[in-house]
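*Asks:* Below is the file start.pdb, which contains PDB, C-alpha atoms.
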```
ATOM      1  CA  MET A  55      57.057 -12.948 -66.682
ATOM      2  CA  GLN A  56      55.079  -9.864 -67.735
ATOM      3  CA  ILE A  57      51.906 -11.926 -68.141
ATOM      4  CA  LYS A  58      52.013 -13.174 -64.570
ATOM      5  CA  ARG A  59      52.784  -9.715 -63.167
ATOM      6  CA  VAL A  60      49.699  -8.236 -64.869
ATOM      7  CA  GLU A  61      47.573 -11.186 -63.773
ATOM      8  CA  HIS A  62      48.762 -11.053 -60.163
ATOM      9  CA  LYS A  63      48.219  -7.291 -59.878
ATOM     10  CA  ALA A  64      44.654  -7.574 -61.209
ATOM     11  CA  LEU A  65      43.808 -10.418 -58.847
ATOM     12  CA  ILE A  66      45.110  -8.540 -55.785
ATOM     13  CA  LEU A  67      43.036  -5.467 -56.651
ATOM     14  CA  GLY A  68      39.956  -7.639 -57.159
ATOM     15  CA  ILE A  69      40.463  -9.243 -53.746
ATOM     16  CA  SER A  70      40.641  -5.845 -52.051
ATOM     17  CA  VAL A  71      37.465  -4.564 -53.684
ATOM     18  CA  ASN A  72      35.504  -7.754 -53.037
ATOM     19  CA  CYS A  73      36.527  -7.843 -49.367
ATOM     20  CA  ILE A  74      34.719  -4.547 -48.799
ATOM     21  CA  SER A  75      31.633  -5.699 -50.687
ATOM     22  CA  ALA A  76      31.504  -9.051 -48.877
ATOM     23  CA  PHE A  77      31.649  -7.386 -45.456
ATOM     24  CA  VAL A  78      28.879  -4.909 -46.303
ATOM     25  CA  GLY A  79      26.796  -7.733 -47.828
ATOM     26  CA  LEU A  80      27.154  -9.797 -44.663
ATOM     27  CA  VAL A  81      25.869  -6.881 -42.574
ATOM     28  CA  VAL A  82      22.868  -6.394 -44.889
ATOM     29  CA  TYR A  83      22.107 -10.130 -44.850
ATOM     30  CA  PHE A  84      21.985 -10.196 -41.053
ATOM     31  CA  MET A  85      19.727  -7.144 -41.104
ATOM     32  CA  THR A  86      17.248  -8.591 -43.621
ATOM     33  CA  GLY A  87      17.615 -12.386 -43.438
ATOM     34  CA  LEU A  88      16.993 -12.646 -47.192
ATOM     35  CA  GLN A  89      18.389 -15.766 -48.877
ATOM     36  CA  ALA A  90      18.888 -13.752 -52.059
ATOM     37  CA  MET A  91      21.158 -11.459 -50.070
ATOM     38  CA  PHE A  92      23.008 -14.463 -48.685
ATOM     39  CA  LEU A  93      23.501 -15.761 -52.225
ATOM     40  CA  ASP A  94      24.745 -12.381 -53.397
ATOM     41  CA  MET A  95      27.085 -12.025 -50.422
ATOM     42  CA  ALA A  96      28.299 -15.609 -50.787
ATOM     43  CA  PHE A  97      29.185 -15.056 -54.440
ATOM     44  CA  THR A  98      31.287 -12.085 -53.402
ATOM     45  CA  ALA A  99      32.890 -14.113 -50.600
ATOM     46  CA  ILE A 100      33.709 -16.857 -53.122
ATOM     47  CA  SER A 101      35.330 -14.198 -55.298
ATOM     48  CA  VAL A 102      37.484 -13.129 -52.351
ATOM     49  CA  LEU A 103      38.498 -16.702 -51.507
ATOM     50  CA  SER A 104      39.094 -17.690 -55.117
ATOM     51  CA  GLY A 105      41.027 -14.471 -55.659
ATOM     52  CA  PHE A 106      43.456 -15.432 -52.897
ATOM     53  CA  ILE A 107      43.809 -18.915 -54.370
ATOM     54  CA  ALA A 108      44.182 -17.538 -57.876
ATOM     55  CA  ALA A 109      46.950 -15.191 -56.747
ATOM     56  CA  LEU A 110      48.811 -18.125 -55.196
ATOM     57  CA  VAL A 111      48.261 -20.304 -58.252
ATOM     58  CA  SER A 112      49.405 -17.476 -60.508
ATOM     59  CA  LYS A 113      52.795 -17.460 -58.750
ATOM     60  CA  LYS A 114      53.039 -21.250 -58.609
ATOM     61  CA  THR A 115      52.333 -21.995 -62.275
ATOM     62  CA  VAL A 116      55.492 -20.321 -63.599
ATOM     63  CA  LYS A 117      57.808 -22.371 -61.385
ATOM     64  CA  VAL A 118      59.517 -25.297 -63.035
ATOM     65  CA  THR A 119      60.921 -28.472 -61.552
ATOM     66  CA  GLU A 120      62.707 -31.492 -62.937
ATOM     67  CA  ARG A 121      59.386 -33.366 -62.994
ATOM     68  CA  PHE A 122      57.416 -30.404 -64.400
ATOM     69  CA  PRO A 123      59.834 -28.614 -66.762
ATOM     70  CA  ASN A 124      57.026 -26.550 -68.301
ATOM     71  CA  GLY A 125      55.603 -25.311 -64.997
ATOM     72  CA  PHE A 126      52.357 -26.046 -63.177
ATOM     73  CA  PHE A 127      49.912 -24.480 -65.633
ATOM     74  CA  ALA A 128      47.507 -27.426 -65.216
ATOM     75  CA  LEU A 129      46.589 -25.856 -61.863
ATOM     76  CA  GLU A 130      44.795 -22.988 -63.637
ATOM     77  CA  PRO A 131      41.948 -24.977 -65.265
ATOM     78  CA  LEU A 132      41.759 -27.099 -62.108
ATOM     79  CA  TYR A 133      41.204 -23.917 -60.103
ATOM     80  CA  ALA A 134      38.444 -22.781 -62.475
ATOM     81  CA  ILE A 135      36.676 -26.159 -62.252
ATOM     82  CA  CYS A 136      36.795 -26.215 -58.433
ATOM     83  CA  LYS A 137      35.366 -22.707 -58.299
ATOM     84  CA  ALA A 138      32.546 -23.700 -60.653
ATOM     85  CA  ILE A 139      31.683 -26.737 -58.515
ATOM     86  CA  LEU A 140      31.588 -24.556 -55.389
ATOM     87  CA  THR A 141      29.289 -22.099 -57.183
ATOM     88  CA  LEU A 142      26.914 -24.874 -58.230
ATOM     89  CA  SER A 143      26.804 -26.191 -54.657
ATOM     90  CA  LEU A 144      25.933 -22.731 -53.378
ATOM     91  CA  LEU A 145      23.131 -22.357 -55.919
ATOM     92  CA  MET A 146      21.597 -25.696 -54.972
ATOM     93  CA  PHE A 147      21.793 -24.946 -51.239
ATOM     94  CA  SER A 148      20.059 -21.600 -51.746
ATOM     95  CA  LEU A 149      17.338 -23.171 -53.895
ATOM     96  CA  ILE A 150      16.542 -25.753 -51.218
ATOM     97  CA  ASP A 151      16.382 -23.088 -48.506
ATOM     98  CA  VAL A 152      14.063 -20.665 -50.309
ATOM     99  CA  THR A 153      11.832 -23.526 -51.486
ATOM    100  CA  ARG A 154      11.264 -24.407 -47.844
ATOM    101  CA  VAL A 155      10.305 -20.797 -47.067
ATOM    102  CA  ALA A 156       7.865 -20.694 -49.990
ATOM    103  CA  TYR A 157       6.312 -23.987 -48.904
ATOM    104  CA  ASP A 158       5.797 -22.665 -45.371
ATOM    105  CA  TYR A 159       3.873 -19.684 -46.730
ATOM    106  CA  PHE A 160       1.767 -21.320 -49.458
ATOM    107  CA  ALA A 161       1.031 -24.578 -47.619
ATOM    108  CA  LEU A 162       1.072 -23.523 -43.969
ATOM    109  CA  GLY A 163       0.375 -19.797 -44.133
ATOM    110  CA  ILE A 164       3.575 -19.004 -42.242
ATOM    111  CA  GLY A 165       5.790 -16.165 -43.357
ATOM    112  CA  GLU A 166       7.353 -12.783 -42.629
ATOM    113  CA  THR A 167       7.305  -9.643 -44.742
ATOM    114  CA  THR A 168      10.569  -8.642 -46.350
ATOM    115  CA  HIS A 169      12.250  -5.272 -45.814
ATOM    116  CA  MET A 170      13.861  -3.959 -48.973
ATOM    117  CA  GLY A 171      14.956  -0.372 -48.253
ATOM    118  CA  ILE A 172      18.576  -1.064 -47.343
ATOM    119  CA  VAL A 173      18.799  -3.815 -49.961
ATOM    120  CA  ILE A 174      18.250  -1.281 -52.757
ATOM    121  CA  LEU A 175      21.142   0.895 -51.585
ATOM    122  CA  TYR A 176      23.469  -2.083 -51.223
ATOM    123  CA  GLU A 177      22.658  -3.473 -54.654
ATOM    124  CA  ILE A 178      23.273  -0.122 -56.343
ATOM    125  CA  PHE A 179      26.720  -0.034 -54.706
ATOM    126  CA  THR A 180      27.477  -3.653 -55.618
ATOM    127  CA  SER A 181      26.268  -3.383 -59.221
ATOM    128  CA  LEU A 182      28.504  -0.388 -59.880
ATOM    129  CA  GLN A 183      31.453  -2.088 -58.193
ATOM    130  CA  CYS A 184      31.016  -5.264 -60.262
ATOM    131  CA  ALA A 185      30.718  -3.282 -63.496
ATOM    132  CA  VAL A 186      34.013  -1.498 -62.828
ATOM    133  CA  LEU A 187      35.777  -4.684 -61.741
ATOM    134  CA  PHE A 188      34.469  -6.624 -64.777
ATOM    135  CA  TRP A 189      35.796  -3.897 -67.064
ATOM    136  CA  TYR A 190      39.139  -3.882 -65.242
ATOM    137  CA  TYR A 191      39.639  -7.665 -65.418
ATOM    138  CA  ASN A 192      38.908  -7.705 -69.140
ATOM    139  CA  ARG A 193      41.143  -4.718 -69.817
ATOM    140  CA  GLU A 194      44.077  -6.340 -68.004
ATOM    141  CA  ASN A 195      43.457  -9.669 -69.751
ATOM    142  CA  ARG A 196      43.463  -7.964 -73.144
ATOM    143  CA  LYS A 197      46.891  -6.539 -72.307
ATOM    144  CA  ILE A 198      48.199 -10.107 -72.224
ATOM    145  CA  HIS A 199      46.154 -11.193 -75.265
ATOM    146  CA  ASN A 200      43.420 -12.882 -73.159
ATOM    147  CA  SER A 201      45.893 -15.574 -72.115
ATOM    148  CA  SER A 202      44.884 -15.703 -68.433
ATOM    149  CA  THR A 203      42.471 -18.510 -67.521
ATOM    150  CA  MET A 204      42.166 -17.129 -63.999
ATOM    151  CA  LEU A 205      41.339 -13.567 -65.040
ATOM    152  CA  ASN A 206      38.736 -14.999 -67.378
ATOM    153  CA  ALA A 207      37.242 -17.030 -64.522
ATOM    154  CA  GLU A 208      37.243 -13.994 -62.208
ATOM    155  CA  SER A 209      35.695 -11.870 -64.944
ATOM    156  CA  ASN A 210      32.889 -14.390 -65.464
ATOM    157  CA  SER A 211      32.294 -14.612 -61.728
ATOM    158  CA  THR A 212      32.165 -10.815 -61.425
ATOM    159  CA  PHE A 213      29.711 -10.615 -64.321
ATOM    160  CA  ILE A 214      27.424 -13.145 -62.587
ATOM    161  CA  ASP A 215      27.713 -11.259 -59.308
ATOM    162  CA  GLY A 216      26.900  -7.957 -61.012
ATOM    163  CA  CYS A 217      23.867  -9.346 -62.850
ATOM    164  CA  MET A 218      22.683 -10.875 -59.601
ATOM    165  CA  SER A 219      23.056  -7.600 -57.720
ATOM    166  CA  PHE A 220      21.276  -5.640 -60.429
ATOM    167  CA  GLY A 221      18.402  -8.132 -60.544
ATOM    168  CA  ILE A 222      18.002  -8.138 -56.778
ATOM    169  CA  GLY A 223      18.060  -4.333 -56.771
ATOM    170  CA  VAL A 224      15.322  -4.077 -59.402
ATOM    171  CA  ALA A 225      13.160  -6.627 -57.584
ATOM    172  CA  ALA A 226      13.751  -4.895 -54.247
ATOM    173  CA  ALA A 227      12.716  -1.536 -55.707
ATOM    174  CA  PHE A 228       9.540  -3.086 -57.138
ATOM    175  CA  LEU A 229       8.623  -4.661 -53.807
ATOM    176  CA  TYR A 230       9.443  -1.478 -51.912
ATOM    177  CA  LEU A 231       6.924   0.413 -54.043
ATOM    178  CA  LEU A 232       4.329  -2.386 -54.087
ATOM    179  CA  PRO A 233       1.407  -1.465 -51.789
ATOM    180  CA  HIS A 234      -0.156  -3.966 -49.427
ATOM    181  CA  GLY A 235      -3.625  -5.361 -50.061
ATOM    182  CA  THR A 236      -3.170  -6.073 -53.778
ATOM    183  CA  PRO A 237      -3.395  -9.442 -55.578
ATOM    184  CA  LEU A 238       0.415  -9.473 -55.389
ATOM    185  CA  GLU A 239       0.394  -9.370 -51.603
ATOM    186  CA  PHE A 240       2.016 -12.807 -51.495
ATOM    187  CA  LEU A 241       5.218 -11.304 -52.914
ATOM    188  CA  HIS A 242       5.792  -9.447 -49.669
ATOM    189  CA  TYR A 243       6.229 -12.871 -48.052
ATOM    190  CA  THR A 244       7.683 -15.012 -50.850
ATOM    191  CA  ALA A 245       9.736 -12.542 -52.880
ATOM    192  CA  ASP A 246      12.937 -14.143 -51.644
ATOM    193  CA  PHE A 247      11.913 -17.430 -53.285
ATOM    194  CA  PHE A 248      11.150 -15.855 -56.664
ATOM    195  CA  ILE A 249      14.211 -13.591 -56.717
ATOM    196  CA  THR A 250      16.565 -16.416 -55.745
ATOM    197  CA  GLY A 251      14.917 -18.764 -58.247
ATOM    198  CA  VAL A 252      15.401 -16.306 -61.103
ATOM    199  CA  ILE A 253      19.015 -15.715 -60.043
ATOM    200  CA  ILE A 254      19.712 -19.446 -60.113
ATOM    201  CA  ILE A 255      18.104 -19.877 -63.531
ATOM    202  CA  LEU A 256      20.151 -17.017 -64.974
ATOM    203  CA  THR A 257      23.487 -17.959 -63.398
ATOM    204  CA  VAL A 258      23.596 -21.763 -63.368
ATOM    205  CA  LYS A 259      24.735 -21.922 -67.007
ATOM    206  CA  GLU A 260      28.083 -20.195 -66.407
ATOM    207  CA  PRO A 261      29.619 -22.709 -63.946
ATOM    208  CA  LEU A 262      28.294 -25.582 -66.075
ATOM    209  CA  VAL A 263      30.034 -24.118 -69.142
ATOM    210  CA  ILE A 264      33.295 -23.733 -67.192
ATOM    211  CA  ILE A 265      33.151 -27.351 -66.016
ATOM    212  CA  TYR A 266      32.367 -28.537 -69.566
TER     213      TYR A 266
END
```
So that I can check it, write out the structure of this file as structure tokens.
*Replies:*
Amino acid sequence: MQIKRVEHKALILGISVNCISAFVGLVVYFMTGLQAMFLDMAFTAISVLSGFIAALVSKKTVKVTERFPNGFFALEPLYAICKAILTLSLLMFSLIDVTRVAYDYFALGIGETTHMGIVILYEIFTSLQCAVLFWYYNRENRKIHNSSTMLNAESNSTFIDGCMSFGIGVAAAFLYLLPHGTPLEFLHYTADFFITGVIIILTVKEPLVIIY
């Protein structure tokens, strides 16, 4: 089927691009230790994993059997729901972790300054990559009259990832330029909490909508 060929090709390309981004994100996370970077990298890793699954599902759904004469198309919404649940779990885990870090600083006075230089460069790269991939997914889906549930799910995920990367990049640039000794000094120690919190607030709606 032409629809499945277009869908499969788009998913494979998305996997390839996200693999590169996930690897670079992992390196940056280990260099900085920022939970916001972990969240960003994890979203990309989820895109890679879900892309593999989506490619397999895309091939499976067109097959027919005596028991399923119309194919296995019910797997597509099931895939989207599972991905949304995984995304929500990741958001909650990240929120718990950064809340602990913020508590250590505000209540116990324990904390480390964040280093944002390399984060800015990574987020510029990731934001541009997500913008191109988002455009590509939507273009390919329009070719098949927006009939692909999986391309729509991947497009939404890429949009979230891109917004997240852009937001982290803007925050990192602000903190990089913020001098020490100002009333905002606490941000040098707790920025990870505020950035991750904003990311969660802005992105939690999308997986909830998919599940609904």
*Asks:* Quick one: residues within 10 Å of Val173 of chain A, all atoms listed in the file counted, chain neighbours fewer than 5 positions away excluded, as a PDB file with C-alpha atoms, in the coordinates of the input?
*Replies:*
```
ATOM      1  CA  GLY A  79      26.796  -7.733 -47.828  1.00  0.00           C
ATOM      2  CA  VAL A  82      22.868  -6.394 -44.889  1.00  0.00           C
ATOM      3  CA  TYR A  83      22.107 -10.130 -44.850  1.00  0.00           C
ATOM      4  CA  MET A  85      19.727  -7.144 -41.104  1.00  0.00           C
ATOM      5  CA  THR A  86      17.248  -8.591 -43.621  1.00  0.00           C
ATOM      6  CA  LEU A  88      16.993 -12.646 -47.192  1.00  0.00           C
ATOM      7  CA  MET A  91      21.158 -11.459 -50.070  1.00  0.00           C
ATOM      8  CA  ILE A 178      23.273  -0.122 -56.343  1.00  0.00           C
ATOM      9  CA  PHE A 179      26.720  -0.034 -54.706  1.00  0.00           C
ATOM     10  CA  SER A 219      23.056  -7.600 -57.720  1.00  0.00           C
ATOM     11  CA  ILE A 222      18.002  -8.138 -56.778  1.00  0.00           C
ATOM     12  CA  GLY A 223      18.060  -4.333 -56.771  1.00  0.00           C
ATOM     13  CA  ALA A 225      13.160  -6.627 -57.584  1.00  0.00           C
ATOM     14  CA  ALA A 226      13.751  -4.895 -54.247  1.00  0.00           C
ATOM     15  CA  ALA A 227      12.716  -1.536 -55.707  1.00  0.00           C
ATOM     16  CA  TYR A 230       9.443  -1.478 -51.912  1.00  0.00           C
TER      17      TYR A 230
END
```
*Asks:* Evaluate the PyMOL selection byres ((chain A and resi 264) around 10) here and jot the selected residues down as a PyMOL selection string.
*Replies:* chain A and resi 131+134-139+207+210+259-263+265-266
*Asks:* Evaluating the PyMOL selection byres ((chain A and resi 77) around 12) on the displayed file yields which residues, as a list in words?
*Replies:*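 Against this file, the PyMOL selection byres ((chain A and resi 77) around 12) returns the residues Ser70, Val71, Asn72, Cys73, Ile74, Ser75, Ala76, Val78, Gly79, Leu80, Val81, Val82, Tyr83, Phe84, Phe92, Asp94, Met95, Ala96, Thr98, Ala99, Val102, Tyr176 and Thr180 of chain A.
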*Asks:* For the residues in that selection, give me C-alpha atoms as a PDB file, keeping the file's coordinate frame.
*Replies:*
```pdb
ATOM      1  CA  SER A  70      40.641  -5.845 -52.051  1.00  0.00           C
ATOM      2  CA  VAL A  71      37.465  -4.564 -53.684  1.00  0.00           C
ATOM      3  CA  ASN A  72      35.504  -7.754 -53.037  1.00  0.00           C
ATOM      4  CA  CYS A  73      36.527  -7.843 -49.367  1.00  0.00           C
ATOM      5  CA  ILE A  74      34.719  -4.547 -48.799  1.00  0.00           C
ATOM      6  CA  SER A  75      31.633  -5.699 -50.687  1.00  0.00           C
ATOM      7  CA  ALA A  76      31.504  -9.051 -48.877  1.00  0.00           C
ATOM      8  CA  VAL A  78      28.879  -4.909 -46.303  1.00  0.00           C
ATOM      9  CA  GLY A  79      26.796  -7.733 -47.828  1.00  0.00           C
ATOM     10  CA  LEU A  80      27.154  -9.797 -44.663  1.00  0.00           C
ATOM     11  CA  VAL A  81      25.869  -6.881 -42.574  1.00  0.00           C
ATOM     12  CA  VAL A  82      22.868  -6.394 -44.889  1.00  0.00           C
ATOM     13  CA  TYR A  83      22.107 -10.130 -44.850  1.00  0.00           C
ATOM     14  CA  PHE A  84      21.985 -10.196 -41.053  1.00  0.00           C
ATOM     15  CA  PHE A  92      23.008 -14.463 -48.685  1.00  0.00           C
ATOM     16  CA  ASP A  94      24.745 -12.381 -53.397  1.00  0.00           C
ATOM     17  CA  MET A  95      27.085 -12.025 -50.422  1.00  0.00           C
ATOM     18  CA  ALA A  96      28.299 -15.609 -50.787  1.00  0.00           C
ATOM     19  CA  THR A  98      31.287 -12.085 -53.402  1.00  0.00           C
ATOM     20  CA  ALA A  99      32.890 -14.113 -50.600  1.00  0.00           C
ATOM     21  CA  VAL A 102      37.484 -13.129 -52.351  1.00  0.00           C
ATOM     22  CA  TYR A 176      23.469  -2.083 -51.223  1.00  0.00           C
ATOM     23  CA  THR A 180      27.477  -3.653 -55.618  1.00  0.00           C
TER      24      THR A 180
END
```
*Asks:* Of the candidates A:Ile69, A:Leu93, A:Leu187, A:Ile253, which shows the shortest atom-to-atom distance to Phe106 of chain A, using all atoms listed in the file?
*Replies:*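 Residue with the minimum atom-to-atom distance to Phe106 of chain A: A:Ile69.
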*Asks:* Could you tell me how far atom CA of Phe220 of chain A lies from atom CA of Glu194 of chain A, in Å and to one decimal?
*Replies:*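 Computing the Euclidean distance for atom CA of Phe220 of chain A and atom CA of Glu194 of chain A yields 24.0 Å.
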*Asks:* Work out how far atom CA of Leu67 of chain A is from atom CA of Lys197 of chain A, in Å to one decimal.
*Replies:*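 Taking atom CA of Lys197 of chain A and atom CA of Leu67 of chain A, their separation equals 16.2 Å.
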*Asks:* List the neighbours of Arg154 of chain A out to 12 Å using all atoms listed in the file; skip same-chain residues closer than 6 positions along the sequence, and give me the result as a ChimeraX atom specification.
*Replies:* /A:89,147-148,160-162,164-165,244,246-247
*Asks:* Leaving out Asn200 of chain A and any residue of its chain fewer than 4 positions from it, which residues lie within 12 Å of it when counting only C-alpha atoms, given as a list in words?
*Replies:*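 Skipping anything fewer than 4 positions along the chain leaves Ile57, Val60, Glu61, Tyr191, Asn192, Arg193, Glu194, Asn195, Arg196, Met204, Leu205, Asn206, Ala207 and Ser209 of chain A.
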*Asks:* What is the atom CA of Asp215 of chain A-atom CA of His242 of chain A distance in Å, reported with one decimal?
*Replies:*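 Taking atom CA of Asp215 of chain A and atom CA of His242 of chain A, their separation equals 24.0 Å.
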*Asks:* Any idea what's packed within 7 Å of Thr168 of chain A, counting all atoms listed in the file, ignoring anything in its chain fewer than 2 positions away? Could you give it as a list in words?
*Replies:*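 Answer for this query is Glu166, Met170, His242 and Tyr243 of chain A.
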*Asks:* Using all atoms listed in the file, find the one residue out of A:Ile174, A:Ile100, A:Val152, A:Leu65 that sits nearest to Leu231 of chain A.
*Replies:* A:Ile174
*Asks:* Using all atoms listed in the file, which residue out of A:Gly171, A:Phe248, A:Ser202, A:Val224 lies closest to Lys58 of chain A?
*Replies:*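 Among the listed residues, the smallest separation from Lys58 of chain A belongs to A:Ser202.
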*Asks:* May I ask which of the residues A:Thr141, A:Ser104, A:Gln183, A:Gln56 is the closest one to Glu208 of chain A, counting all atoms listed in the file?
*Replies:* A:Ser104
